[in-house]
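A.B. asks: Okay, handing you the structure first.
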Amino acid sequence: MTRSEELVRRRAPRRVALGWAFFERQTNLWKRYWAWELVWILYGLVNTLAITFIAKQAEHGGLVRPAAVPRLTLFLLIGTLTWAYLSAVLDDMSLVITWERWEGTIEHTFMTPVSRTVHLVGMSVFGVVHAVVRTAVIMACALPFFDVRFAQVNWLEVALVVAVGSVSLVGLGILTGILPMLYPERGVQMSFMVQALVLLVSGVYYGVDVLPGWLQAASHLSPATFMLRGLRAAMLGGASLGGQLRTLAILAVFGLVMVPGSLVVFSAAERWAKRTGRLKRQG
Amino acid sequence: MNSAATWPHETPDADLPLVVRGVTKHFKRRGRAQSSSGRRRVHRAVQSVSFTVQPGEIYGVIGANGSGKSTLIRILSTLILPDQGEVLVFGRDALRDPASVRPLLNRVSADPSFFRAMSALENLLFYGRAYGMAGPAVRRRSAELLARLGLEREATEPMTELSRGQQQKVAVARAFLSSPRLLLLDEPTTGLDPRSKRTVQRFIDDARRDGVAVLLTTHDMDEAELLCDRLAFLAGGRIVAEGTSAELRAQVAGTDRRPDQVDLEDVFMAYTGRSIEEDEEEDQPVEVGQHDPI
Ligand SMILES: Nc1ncnc2c1ncn2[C@@H]1O[C@H](COP(=O)(O)OP(=O)(O)OP(=O)(O)O)[C@@H](O)[C@H]1O
Ligand SMILES: [Mg+2]
């Protein structure tokens with residue numbers, strides 16, 4: 001075994017333990033703020049219902065054939081649930097800086113011997129698990145309201161798209177999490193702006209083909225576009241295996257570029273904050 | 001020493017807990033920047049500060065409000081990058097290789113800050129783990145530290161339910177938890193009742209006995225006299241006097257007073273009395289864009 005292999009072997013479990021520190025901390029915080037979780041679940045549920053009832057209106061108003069209603073319902077449901085999932089991940093990641101600023105703990109956390117990569121990976125794993133649980137609860141509560149058919153759904157493809165897509169969402173989340181470090185006052189609003197733009201260009205409640213050309217071009221920059229494409233293909237039926245593999249490959253490339261890229265940008269932003277004394281504003 | 005090879009920045013100062021050489025930090029003042037003229041208000045928080053802390057030494061940094069004590073401690077904690085200078089912690093370069101020094105140090109900040117909804121134990125569990133300690137070891141040591149600080153009953157309460165002084169004591173526990181070899185204490189006893197203050201002072205004294213090096217800031221001259229082996233007085237970000245309490249008192253006493261007729265408060269008045277205006281702010285040309293994001 002070479003020296004570096006030996007180092008990696010010794011450090012790998014240590015890294016997991018250090019990342020676990022963040023996962024455990026977030027779980028403890030989550031327990032203390034469970035009432036907020038209820039609020040977010042309720043909010044997500046209301047959102048899901050409000051959008052998905054459009055399918056009923058379409059039937060009621062004679063806009064679609066009755067036979068097409070379950071499909072429209074599922075189409076809208078995929079959109080709202082994906083959006084709930086995506087915003088849960090992005091919200092958690094955009095709190096990496098904001099939350100610790102609010103608590104005043106940011107300096108203590110940033111001077112621990114945990115590398116920023118391990119720190120952010122720990123937070124991301126929590127964010128993804130948190131988002132999966134929250135979205136599953138919203139889905140379970142929303143389903144009884146509608147007539148949805150899952151017979152044609154390929155759940156394995158669903159799981160793969162969510163798993164691979166989440167990696168790029170984490171990258172996007174780390175990027176939006178940087179904004180509050182650079183702009184202590186406006187950073188949070190800027191993260192919301194990013195979310196709103198992603199909502200528009202990714203075709204959450206419509207296919208991106210209905211967008212004007214320039215927005216369609218922009219949609220290629222959002223991993224959510226491809227996540228939705230993959231999920232629709234897996235859940236609405238009629239997907240070709242080649243098409244799904246292509247979507248998965250695109251999502252994988254997004255992840256492979258965005259995660260290391262966002263880590264590099266995060267480190268640069270951290271160095272800048274340390275040079276200008278903005279890690280913590282005053283005290 | 002075998003491990004030397006793993007530390008690229010190791011130098012002959014490897015036995016010294018802290019070597020600070022020529023550290024300078026200027027902050028650009030926010031607000032109406034006079035960018036039209038290319039000049040910006042620059043605030044000199046720390047200026048050409050150099051000193052060394054020996055193993056088992058308590059080194060006091062004294063100065064008026066705004067004299068740069070906390071900024072200095074933030075630089076040593078790898079939280080602020082200075083414009084100039086060098087910081088070596090046990091010979092490792094804290095500025096170029098912060099990861100190599102972080103396991104060796106810990107800090108009490110002037111304001112105790114915690115995840116306020118979590119309990120003291122949960123907070124300590126997180127910070128202990130972040131320093132690589134195993135869960136059971138953190139729990140054991142946290143319980144021990146909190147008991148010594150008289151906080152057994154409060155250990156599982158959310159931090160918001162604790163008084164400021166109690167939170168301050170948890171902050172002391174957090175700093176000692178990771179058994180650092182260099183402790184950076186920014187007003188660790190401010191806001192503590194006399195008994196708690198004494199407990200914390202005993203903690204610091206015990207740490208010194210174990211060979212831990214301590215950098216301490218305080219506004220309490222009795223505490224400085226009691227604990228510090230050597231003192232530095234900061235004014236306008238500069239060290240204006242350094243020495244043992246006896247040496248500094250003798251300097252201030254001069255020829256017409258005996259050193260024991262002078263106390264550290266007199267020393268403080270003598271060395272930090274210069275006009276703040278003269279140091280505080282100054283217009284200085286700064287290259288535009290120097291501090292823009294990334
Ligand atoms: N992040 C920052 N950005 C801009 N200016 C800063 C920053 N941190 C400190 N300063 C300025 O540097 C000067 C020194 O501040 P510092 O907090 O180091 O003083 P101090 O000696 O710790 O004071 P105190 O006794 O009140 O705690 C102050 O004038 C402060 O306004
Ligand atoms: Mg201070």
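Numbering starts fresh at 1 for the residues of each chain in the structure tokens, the chains themselves are lettered A, B, ... in the order given, and ligands are numbered from 1 as they appear.
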Near chain B, which residues of chain A fall within 10 Å when you count only C-alpha atoms, and what do they look like as number ranges by chain?

C.D. replies: A: 14-15, 17-26, 28-33, 99-115, 119, 182-183, 265-280, 283

A.B. asks: Take the residues that were just selected and, keeping C-alpha atoms, output them as a short mmCIF file (atom, residue, chain, number, x, y, z; two decimals), in the first residue's frame.

C.D. replies:
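Listed below is the output, selection39.cif:
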data_model
loop_
_atom_site.label_atom_id
_atom_site.label_comp_id
_atom_site.auth_asym_id
_atom_site.auth_seq_id
_atom_site.Cartn_x
_atom_site.Cartn_y
_atom_site.Cartn_z
CA ARG A 14 -12.71 10.06 10.02
CA ARG A 15 -14.35 12.05 7.24
CA ALA A 17 -17.50 10.79 11.37
CA LEU A 18 -16.93 14.52 10.82
CA GLY A 19 -19.69 14.68 8.21
CA TRP A 20 -21.93 12.83 10.63
CA ALA A 21 -21.42 15.68 13.14
CA PHE A 22 -23.36 17.94 10.79
CA PHE A 23 -26.04 15.38 9.99
CA GLU A 24 -26.60 14.75 13.68
CA ARG A 25 -26.67 18.46 14.48
CA GLN A 26 -29.27 19.11 11.78
CA ASN A 28 -31.21 17.69 16.61
CA LEU A 29 -32.18 21.11 15.30
CA TRP A 30 -34.96 19.58 13.25
CA LYS A 31 -36.36 17.90 16.38
CA ARG A 32 -36.35 21.21 18.23
CA TYR A 33 -38.06 23.00 15.36
CA TRP A 99 -28.66 29.90 9.79
CA GLU A 100 -25.26 30.02 11.46
CA ARG A 101 -25.09 33.77 10.97
CA TRP A 102 -28.42 34.07 12.70
CA GLU A 103 -27.28 31.87 15.57
CA GLY A 104 -23.90 33.58 15.70
CA THR A 105 -22.13 30.22 15.52
CA ILE A 106 -20.58 30.62 12.08
CA GLU A 107 -17.09 31.48 13.35
CA HIS A 108 -17.02 28.56 15.74
CA THR A 109 -18.13 26.15 13.05
CA PHE A 110 -15.73 27.53 10.46
CA MET A 111 -12.71 27.25 12.76
CA THR A 112 -13.26 23.55 13.49
CA PRO A 113 -10.86 21.19 11.72
CA VAL A 114 -13.62 19.94 9.38
CA SER A 115 -12.82 20.57 5.73
CA HIS A 119 -18.99 20.07 6.08
CA LEU A 182 -21.10 37.54 -0.06
CA TYR A 183 -24.14 39.71 0.63
CA VAL A 265 -16.60 28.78 -5.62
CA PHE A 266 -17.60 28.31 -1.98
CA SER A 267 -13.95 28.18 -0.89
CA ALA A 268 -13.15 31.26 -2.92
CA ALA A 269 -16.08 33.10 -1.35
CA GLU A 270 -14.98 31.97 2.09
CA ARG A 271 -11.47 33.29 1.49
CA TRP A 272 -12.92 36.56 0.29
CA ALA A 273 -15.13 36.80 3.39
CA LYS A 274 -12.09 36.17 5.57
CA ARG A 275 -10.11 38.85 3.81
CA THR A 276 -12.83 41.47 4.12
CA GLY A 277 -13.98 40.48 7.61
CA ARG A 278 -17.47 39.57 6.45
CA LEU A 279 -17.67 36.04 7.78
CA LYS A 280 -19.29 37.55 10.78
CA GLY A 283 -19.10 41.43 17.53
#

A.B. asks: According to DSSP computed on the backbone, where in segment 19-139 of chain B is there alpha helix (DSSP H)? Give the residues as a PyMOL selection string.

C.D. replies: chain B and resi 69-76+98-101+120-130+135-139

A.B. asks: Taking only C-alpha atoms and all ligand atoms into account, which residues are within 12 Å of ligand 2, as a PyMOL selection string?

C.D. replies: (chain A and resi 282-283) or (chain B and resi 45+61-74+108-111+185-188+190+216-219+234+237)

A.B. asks: Please indicate the distance in Å from atom CA of Ala137 of chain B to atom CA of Leu177 of chain B, rounded to one decimal place.

C.D. replies: 9.9 Å

A.B. asks: Considering only C-alpha atoms and all ligand atoms, can you say which of A:Leu45, A:Pro184, A:Gln152, A:Ser166 comes closest to ligand 1?

C.D. replies: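 When distances to ligand 1 are compared using only C-alpha atoms and all ligand atoms, the smallest one comes from A:Pro184.
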
A.B. asks: Restricting the calculation to only C-alpha atoms: of B:Pro194, B:Val53, B:Asp220, B:Gln84, which residue gets closest to Arg208 of chain B?

C.D. replies: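 Closest to Arg208 of chain B, using only C-alpha atoms: B:Val53.
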
A.B. asks: Would you return as a VMD selection string the members of segment 11-169 of chain B that DSSP assigns to strand (DSSP E) on this structure's backbone?

C.D. replies: chain B and resid 18 to 28 39 to 53 58 to 63 84 to 89 92 to 93 105 to 108

A.B. asks: For atom CA of Met258 of chain A and atom CA of Val137 of chain A, determine how far apart the two atoms are, in Å to one decimal place.

C.D. replies: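 It comes out at 28.6 Å.
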
A.B. asks: For segment 83-98 of chain A, work out the shell of residues within 6 Å, counting only C-alpha atoms and skipping chain neighbours fewer than 5 positions away, then give it as a list in words.

C.D. replies: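 After dropping sequence-adjacent residues, the list is Gly127, Val128, Ala131, Thr135, Gly173, Ile174, Thr176 and Gly177 of chain A.
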
A.B. asks: Here is a test: counting only C-alpha atoms and all ligand atoms, which residue of B:Ile204, B:Ala147, B:Ala246, B:Val46 is nearest to ligand 1?

C.D. replies: B:Val46

A.B. asks: Leaving out Leu160 of chain A and any residue of its chain fewer than 5 positions from it, which residues lie within 12 Å of it when counting only C-alpha atoms, given as an mmCIF file with C-alpha atoms, in the first residue's frame?

C.D. replies:
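Result written to part17.cif:
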data_model
loop_
_atom_site.group_PDB
_atom_site.id
_atom_site.type_symbol
_atom_site.label_atom_id
_atom_site.label_comp_id
_atom_site.auth_asym_id
_atom_site.auth_seq_id
_atom_site.Cartn_x
_atom_site.Cartn_y
_atom_site.Cartn_z
ATOM 1 C CA ASN A 154 -41.376 2.564 -13.511
ATOM 2 C CA TRP A 155 -40.307 3.130 -9.899
ATOM 3 C CA GLY A 165 -30.621 14.526 -10.056
ATOM 4 C CA SER A 166 -30.164 15.237 -6.349
ATOM 5 C CA VAL A 167 -26.410 15.448 -6.787
ATOM 6 C CA MET A 227 -34.988 15.786 -13.634
ATOM 7 C CA GLY A 230 -36.765 11.893 -16.551
ATOM 8 C CA LEU A 231 -39.550 11.727 -13.969
ATOM 9 C CA ALA A 234 -40.694 7.249 -15.913
ATOM 10 C CA GLN A 244 -33.885 7.723 -20.072
ATOM 11 C CA LEU A 245 -30.211 6.778 -20.145
ATOM 12 C CA THR A 247 -31.367 12.018 -19.360
ATOM 13 C CA LEU A 248 -29.529 10.227 -16.571
ATOM 14 C CA ALA A 249 -26.203 10.862 -18.267
ATOM 15 C CA LEU A 251 -27.942 14.724 -14.917
ATOM 16 C CA ALA A 252 -24.746 12.900 -13.978
#

A.B. asks: Could you check the closest approach to ligand 1 for each of B:Gly56, B:Gly236, B:Pro136, B:Gly254 and tell me which residue wins, using only C-alpha atoms and all ligand atoms?

C.D. replies: B:Gly236
